[in-house]
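S.K.: What follows is work.cif, mmCIF, C-alpha atoms.
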data_query
#
loop_
_atom_site.group_PDB
_atom_site.id
_atom_site.type_symbol
_atom_site.label_atom_id
_atom_site.label_comp_id
_atom_site.auth_asym_id
_atom_site.auth_seq_id
_atom_site.Cartn_x
_atom_site.Cartn_y
_atom_site.Cartn_z
ATOM 1 C CA MET A 1 114.507 96.409 111.168
ATOM 2 C CA LEU A 2 117.259 95.469 108.754
ATOM 3 C CA PRO A 3 116.754 94.147 105.233
ATOM 4 C CA GLU A 4 117.312 90.495 104.397
ATOM 5 C CA PRO A 5 119.787 88.802 104.931
ATOM 6 C CA TYR A 6 121.109 91.021 107.735
ATOM 7 C CA ASP A 7 117.951 90.539 109.779
ATOM 8 C CA LEU A 8 119.066 86.900 110.201
ATOM 9 C CA LEU A 9 122.206 87.897 112.108
ATOM 10 C CA PRO A 10 122.322 88.087 115.908
ATOM 11 C CA THR A 11 121.778 91.542 117.407
ATOM 12 C CA THR A 12 125.236 91.316 118.979
ATOM 13 C CA ALA A 13 126.703 91.541 115.444
ATOM 14 C CA ARG A 14 125.062 94.931 114.796
ATOM 15 C CA GLN A 15 126.225 98.336 115.967
ATOM 16 C CA SER A 16 123.895 101.296 115.344
ATOM 17 C CA GLN A 17 125.463 104.666 114.662
ATOM 18 C CA THR A 18 124.226 108.209 114.040
ATOM 19 C CA ILE A 19 126.205 109.890 111.262
ATOM 20 C CA ALA A 20 126.715 113.535 110.310
ATOM 21 C CA ALA A 21 127.561 115.043 106.933
ATOM 22 C CA GLY A 22 131.326 115.041 106.509
ATOM 23 C CA ASP A 23 131.956 112.069 108.807
ATOM 24 C CA VAL A 24 134.518 109.571 107.543
ATOM 25 C CA LEU A 25 133.393 106.017 108.261
ATOM 26 C CA PHE A 26 136.618 104.445 107.042
ATOM 27 C CA ARG A 27 139.634 105.245 104.911
ATOM 28 C CA GLN A 28 141.252 103.294 102.111
ATOM 29 C CA GLY A 29 143.827 100.932 103.597
ATOM 30 C CA ALA A 30 142.233 100.832 107.067
ATOM 31 C CA ARG A 31 141.621 97.434 108.627
ATOM 32 C CA THR A 32 138.120 96.153 107.821
ATOM 33 C CA LEU A 33 135.576 95.859 110.606
ATOM 34 C CA GLY A 34 132.534 94.869 108.585
ATOM 35 C CA LEU A 35 129.914 96.093 106.187
ATOM 36 C CA TYR A 36 127.226 98.722 106.639
ATOM 37 C CA VAL A 37 123.483 99.070 106.140
ATOM 38 C CA LEU A 38 122.381 102.663 105.688
ATOM 39 C CA LYS A 39 119.023 103.237 107.375
ATOM 40 C CA THR A 40 118.822 106.938 106.473
ATOM 41 C CA GLY A 41 121.190 109.419 104.890
ATOM 42 C CA ARG A 42 123.647 109.150 102.012
ATOM 43 C CA VAL A 43 127.232 107.870 101.863
ATOM 44 C CA HIS A 44 129.739 108.035 99.009
ATOM 45 C CA LEU A 45 132.460 105.458 98.540
ATOM 46 C CA GLU A 46 135.389 107.293 97.004
ATOM 47 C CA ARG A 47 138.910 106.713 95.757
ATOM 48 C CA VAL A 48 141.594 109.284 95.102
ATOM 49 C CA GLY A 49 142.716 109.458 91.464
ATOM 50 C CA PRO A 50 146.312 109.825 90.269
ATOM 51 C CA ASN A 51 146.027 113.638 90.260
ATOM 52 C CA GLY A 52 144.356 113.858 93.678
ATOM 53 C CA GLU A 53 140.802 114.055 92.328
ATOM 54 C CA ARG A 54 138.018 112.306 94.264
ATOM 55 C CA LEU A 55 136.285 109.569 92.259
ATOM 56 C CA ILE A 56 132.899 108.368 93.495
ATOM 57 C CA ILE A 57 132.700 104.614 92.976
ATOM 58 C CA HIS A 58 129.370 104.074 94.753
ATOM 59 C CA ARG A 59 126.523 106.144 96.149
ATOM 60 C CA ALA A 60 124.840 104.391 99.071
ATOM 61 C CA THR A 61 121.292 105.517 99.810
ATOM 62 C CA SER A 62 118.765 104.748 102.531
ATOM 63 C CA GLY A 63 117.933 101.065 102.816
ATOM 64 C CA THR A 64 121.047 99.801 101.035
ATOM 65 C CA SER A 65 124.210 98.091 102.176
ATOM 66 C CA PHE A 66 127.770 98.988 101.267
ATOM 67 C CA ALA A 67 131.339 97.818 101.846
ATOM 68 C CA GLU A 68 130.294 94.194 101.317
ATOM 69 C CA ALA A 69 133.718 93.416 99.840
ATOM 70 C CA SER A 70 135.228 94.177 103.248
ATOM 71 C CA VAL A 71 133.904 90.844 104.490
ATOM 72 C CA PHE A 72 136.458 89.138 102.255
ATOM 73 C CA SER A 73 139.312 91.616 102.625
ATOM 74 C CA GLU A 74 141.725 92.678 105.341
ATOM 75 C CA ARG A 75 141.710 96.349 104.254
ATOM 76 C CA TYR A 76 139.087 98.745 102.886
ATOM 77 C CA HIS A 77 139.655 99.553 99.198
ATOM 78 C CA CYS A 78 138.160 103.085 99.343
ATOM 79 C CA ASP A 79 137.013 105.887 101.652
ATOM 80 C CA ALA A 80 133.430 106.114 102.963
ATOM 81 C CA ILE A 81 132.295 109.728 103.350
ATOM 82 C CA VAL A 82 128.899 110.730 104.781
ATOM 83 C CA MET A 83 127.148 113.176 102.450
ATOM 84 C CA ASP A 84 123.794 113.481 104.257
ATOM 85 C CA ALA A 85 123.278 112.881 107.977
ATOM 86 C CA GLY A 86 121.367 109.818 109.098
ATOM 87 C CA GLU A 87 121.685 106.454 110.760
ATOM 88 C CA LEU A 88 123.430 103.243 109.849
ATOM 89 C CA VAL A 89 124.251 99.849 111.253
ATOM 90 C CA ARG A 90 127.740 98.366 111.079
ATOM 91 C CA ILE A 91 127.623 94.600 110.821
ATOM 92 C CA ASP A 92 130.564 92.685 112.197
ATOM 93 C CA LYS A 93 132.688 90.952 109.577
ATOM 94 C CA SER A 94 133.197 87.762 111.598
ATOM 95 C CA ALA A 95 129.437 87.404 112.162
ATOM 96 C CA VAL A 96 128.773 87.624 108.416
ATOM 97 C CA LEU A 97 131.455 85.037 107.652
ATOM 98 C CA ALA A 98 130.081 82.690 110.339
ATOM 99 C CA ALA A 99 126.532 83.174 109.029
ATOM 100 C CA PHE A 100 127.471 81.668 105.661
ATOM 101 C CA ALA A 101 127.156 78.282 107.403
ATOM 102 C CA ASN A 102 123.395 78.988 107.573
ATOM 103 C CA PRO A 103 121.903 78.041 104.171
ATOM 104 C CA ASP A 104 119.088 80.603 104.533
ATOM 105 C CA PHE A 105 121.578 83.425 105.124
ATOM 106 C CA ALA A 106 123.884 82.242 102.325
ATOM 107 C CA ARG A 107 121.007 82.104 99.797
ATOM 108 C CA ALA A 108 119.656 85.503 100.854
ATOM 109 C CA TYR A 109 123.141 87.063 100.688
ATOM 110 C CA GLY A 110 123.715 85.548 97.246
ATOM 111 C CA ARG A 111 120.300 86.783 96.072
ATOM 112 C CA GLN A 112 121.092 90.314 97.288
ATOM 113 C CA ALA A 113 124.481 90.244 95.549
ATOM 114 C CA ALA A 114 122.861 89.049 92.301
ATOM 115 C CA GLN A 115 120.297 91.863 92.466
ATOM 116 C CA GLN A 116 123.084 94.410 92.975
ATOM 117 C CA VAL A 117 124.970 93.028 89.961
ATOM 118 C CA GLN A 118 121.800 93.280 87.839
ATOM 119 C CA ALA A 119 121.195 96.873 88.959
ATOM 120 C CA HIS A 120 124.790 97.861 88.191
ATOM 121 C CA ARG A 121 124.664 96.220 84.766
ATOM 122 C CA GLN A 122 121.450 98.095 84.028
ATOM 123 C CA ILE A 123 122.928 101.462 84.950
ATOM 124 C CA VAL A 124 126.039 100.767 82.866
ATOM 125 C CA GLU A 125 123.831 100.061 79.851
ATOM 126 C CA ILE A 126 121.779 103.203 80.448
ATOM 127 C CA ILE A 127 124.907 105.352 80.817
ATOM 128 C CA GLY A 128 126.036 103.981 77.443
ATOM 129 C CA ILE A 129 123.084 105.650 75.707
ATOM 130 C CA ARG A 130 124.458 108.705 73.882
ATOM 131 C CA ARG A 131 121.494 111.093 73.590
ATOM 132 C CA ALA A 132 120.645 112.738 76.901
ATOM 133 C CA GLU A 133 116.901 112.595 76.177
ATOM 134 C CA ASP A 134 117.051 108.839 75.516
ATOM 135 C CA ARG A 135 119.263 108.248 78.547
ATOM 136 C CA VAL A 136 116.920 110.188 80.827
ATOM 137 C CA MET A 137 113.897 108.323 79.450
ATOM 138 C CA ALA A 138 115.646 104.980 80.050
ATOM 139 C CA GLY A 139 116.487 106.107 83.584
ATOM 140 C CA ILE A 140 112.865 106.986 84.302
ATOM 141 C CA VAL A 141 111.631 103.690 82.857
ATOM 142 C CA ALA A 142 114.177 101.863 85.059
ATOM 143 C CA GLY A 143 112.848 103.659 88.157
ATOM 144 C CA LEU A 144 116.010 105.679 88.785
ATOM 145 C CA LEU A 145 114.151 108.941 89.414
ATOM 146 C CA ASP A 146 113.487 108.137 93.060
ATOM 147 C CA GLY A 147 115.111 111.278 94.456
ATOM 148 C CA THR A 148 115.894 114.674 93.038
ATOM 149 C CA VAL A 149 116.608 115.497 89.406
ATOM 150 C CA VAL A 150 120.168 116.378 90.452
ATOM 151 C CA ASP A 151 120.539 112.864 91.938
ATOM 152 C CA LEU A 152 119.199 111.359 88.708
ATOM 153 C CA ALA A 153 121.672 113.423 86.688
ATOM 154 C CA ALA A 154 124.566 112.134 88.786
ATOM 155 C CA ARG A 155 123.408 108.520 88.422
ATOM 156 C CA LEU A 156 123.104 108.951 84.653
ATOM 157 C CA GLN A 157 126.436 110.797 84.436
ATOM 158 C CA LEU A 158 124.845 113.886 82.915
ATOM 159 C CA THR A 159 124.948 117.481 84.052
ATOM 160 C CA HIS A 160 121.813 118.564 85.850
ATOM 161 C CA GLU A 161 121.302 121.164 83.110
ATOM 162 C CA ALA A 162 121.309 118.470 80.389
ATOM 163 C CA THR A 163 118.952 116.370 82.501
ATOM 164 C CA TYR A 164 116.497 119.250 82.972
ATOM 165 C CA ARG A 165 116.587 119.988 79.212
ATOM 166 C CA ALA A 166 115.942 116.320 78.436
ATOM 167 C CA LEU A 167 113.037 116.214 80.900
ATOM 168 C CA ARG A 168 111.545 119.349 79.364
ATOM 169 C CA ALA A 169 111.785 117.783 75.881
ATOM 170 C CA LEU A 170 110.186 114.552 77.150
ATOM 171 C CA VAL A 171 107.313 116.536 78.715
ATOM 172 C CA GLU A 172 106.823 118.566 75.516
ATOM 173 C CA ALA A 173 106.792 115.346 73.472
ATOM 174 C CA GLY A 174 104.089 113.921 75.774
ATOM 175 C CA ARG A 175 106.240 110.990 76.920
ATOM 176 C CA VAL A 176 106.509 112.209 80.521
ATOM 177 C CA ASN A 177 104.115 114.121 82.792
ATOM 178 C CA ASN A 178 105.290 116.913 85.094
ATOM 179 C CA PRO A 179 102.395 117.337 87.561
ATOM 180 C CA SER A 180 104.423 119.470 90.003
ATOM 181 C CA ARG A 181 107.875 120.954 90.403
ATOM 182 C CA GLY A 182 110.511 118.197 90.464
ATOM 183 C CA THR A 183 107.967 115.418 89.869
ATOM 184 C CA TYR A 184 108.070 113.467 86.620
ATOM 185 C CA ARG A 185 106.061 110.383 85.652
ATOM 186 C CA LEU A 186 105.691 108.256 82.562
ATOM 187 C CA THR A 187 102.533 109.022 80.574
#
Could you express the structure from this file as structure tokens?
M.R.:
Amino acid sequence: MLPEPYDLLPTTARQSQTIAAGDVLFRQGARTLGLYVLKTGRVHLERVGPNGERLIIHRATSGTSFAEASVFSERYHCDAIVMDAGELVRIDKSAVLAAFANPDFARAYGRQAAQQVQAHRQIVEIIGIRRAEDRVMAGIVAGLLDGTVVDLAARLQLTHEATYRALRALVEAGRVNNPSRGTYRLT
């Protein structure tokens, strides 16, 4: 089952695919085929910087879509690299464009896009917090600790060491509970 609005598209527009760590789904400059919904696994969207460094511009996780901009572009603007094996569904670009004629699909697609914009704005604001302890607390309050502490650190643009120190300080201050290894909850 795909999340809304992609569940409204015909099954002929969907192509399921098993992915392995290290797979390249597409490269920057390649002709666009469509967008993707990640059922399980993890995919990074990356660009190459001026000195050859890899810059992660998006981390797609289970249950999310990515490469939505490809629907409106002839070429992909980044690389998609599989980090953790799993399954995904590629959704045909022409089917998405045709589906915009359906008001239910168009509203659901717009709603999803608005939610993504809100989530990105929130993370930008959280990343702007200077003190690691405050940033980590804001991340927990926002529900960003839904994976590992290392994943949280990456999302907050902190080292995992700084994140662990901040979590320890939050536990010692009684603001966060640590009932078991790697598990943290608001008190």
S.K.: Could you tell me, as a VMD selection string, exactly which residues end up selected when the PyMOL selection byres ((chain A and resi 63-73) around 9) is applied to this structure?
M.R.: chain A and resid 2 to 3 31 to 40 43 45 58 to 62 74 to 78 80 92 to 94 96 to 97
S.K.: If I take atom CA of Thr163 of chain A and atom CA of Thr187 of chain A, how far is one from the other in Å, to one decimal?
M.R.: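 Separation between atom CA of Thr163 of chain A and atom CA of Thr187 of chain A: 18.1 Å.
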S.K.: Determine the nearest neighbour of Thr148 of chain A from the options A:Ala119, A:Gly182, A:Ala20, A:His160, counting all atoms listed in the file.
M.R.: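 Distance minimum relative to Thr148 of chain A lands on A:Gly182.
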S.K.: For a quick check of understanding, using only C-alpha atoms, which of A:Tyr164, A:Tyr6, A:Phe26, A:Phe100 has the smallest distance to Tyr184 of chain A?
M.R.: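 Using only C-alpha atoms, the shortest distance to Tyr184 of chain A belongs to A:Tyr164.
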S.K.: Let me make sure I understand: among A:Gly29, A:Met83, A:Leu156, A:Ala95, which one has the smallest atom-to-atom distance to Gln122 of chain A if we use only C-alpha atoms?
M.R.: A:Leu156
S.K.: With a distance cut-off of 10 Å and all atoms listed in the file, select the neighbouring residues of Gln112 of chain A, excluding the residue or stretch itself and same-chain residues fewer than 3 positions from it, and output the selection as a JSON list (two decimals) with C-alpha atoms, keeping the file's coordinate frame.
M.R.:
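Saved the output as result-v5.json:
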[["chain", "number", "residue", "atom", "x", "y", "z"],
["A", 3, "PRO", "CA", 116.75, 94.15, 105.23],
["A", 4, "GLU", "CA", 117.31, 90.50, 104.40],
["A", 5, "PRO", "CA", 119.79, 88.80, 104.93],
["A", 65, "SER", "CA", 124.21, 98.09, 102.18],
["A", 106, "ALA", "CA", 123.88, 82.24, 102.32],
["A", 107, "ARG", "CA", 121.01, 82.10, 99.80],
["A", 108, "ALA", "CA", 119.66, 85.50, 100.85],
["A", 109, "TYR", "CA", 123.14, 87.06, 100.69],
["A", 115, "GLN", "CA", 120.30, 91.86, 92.47],
["A", 116, "GLN", "CA", 123.08, 94.41, 92.98],
["A", 117, "VAL", "CA", 124.97, 93.03, 89.96],
["A", 118, "GLN", "CA", 121.80, 93.28, 87.84]]
S.K.: Name the residues that the PyMOL selection byres ((chain A and resi 169-175) around 9) picks from the file above, as a PyMOL selection string, using the file's chain letters and numbers.
M.R.: chain A and resi 133+136-137+164-168+176-178+184-187
S.K.: Go ahead and write the selection's residues with C-alpha atoms as an mmCIF file, in the frame of the given file.
M.R.:
data_model
loop_
_atom_site.group_PDB
_atom_site.id
_atom_site.type_symbol
_atom_site.label_atom_id
_atom_site.label_comp_id
_atom_site.auth_asym_id
_atom_site.auth_seq_id
_atom_site.Cartn_x
_atom_site.Cartn_y
_atom_site.Cartn_z
ATOM 1 C CA GLU A 133 116.901 112.595 76.177
ATOM 2 C CA VAL A 136 116.920 110.188 80.827
ATOM 3 C CA MET A 137 113.897 108.323 79.450
ATOM 4 C CA TYR A 164 116.497 119.250 82.972
ATOM 5 C CA ARG A 165 116.587 119.988 79.212
ATOM 6 C CA ALA A 166 115.942 116.320 78.436
ATOM 7 C CA LEU A 167 113.037 116.214 80.900
ATOM 8 C CA ARG A 168 111.545 119.349 79.364
ATOM 9 C CA VAL A 176 106.509 112.209 80.521
ATOM 10 C CA ASN A 177 104.115 114.121 82.792
ATOM 11 C CA ASN A 178 105.290 116.913 85.094
ATOM 12 C CA TYR A 184 108.070 113.467 86.620
ATOM 13 C CA ARG A 185 106.061 110.383 85.652
ATOM 14 C CA LEU A 186 105.691 108.256 82.562
ATOM 15 C CA THR A 187 102.533 109.022 80.574
#
S.K.: Kindly give the distance, in Å, that separates atom CA of Ala132 of chain A and atom CA of Asp151 of chain A, rounded to a single decimal.
M.R.: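 For atom CA of Ala132 of chain A relative to atom CA of Asp151 of chain A, the distance reads 15.0 Å.
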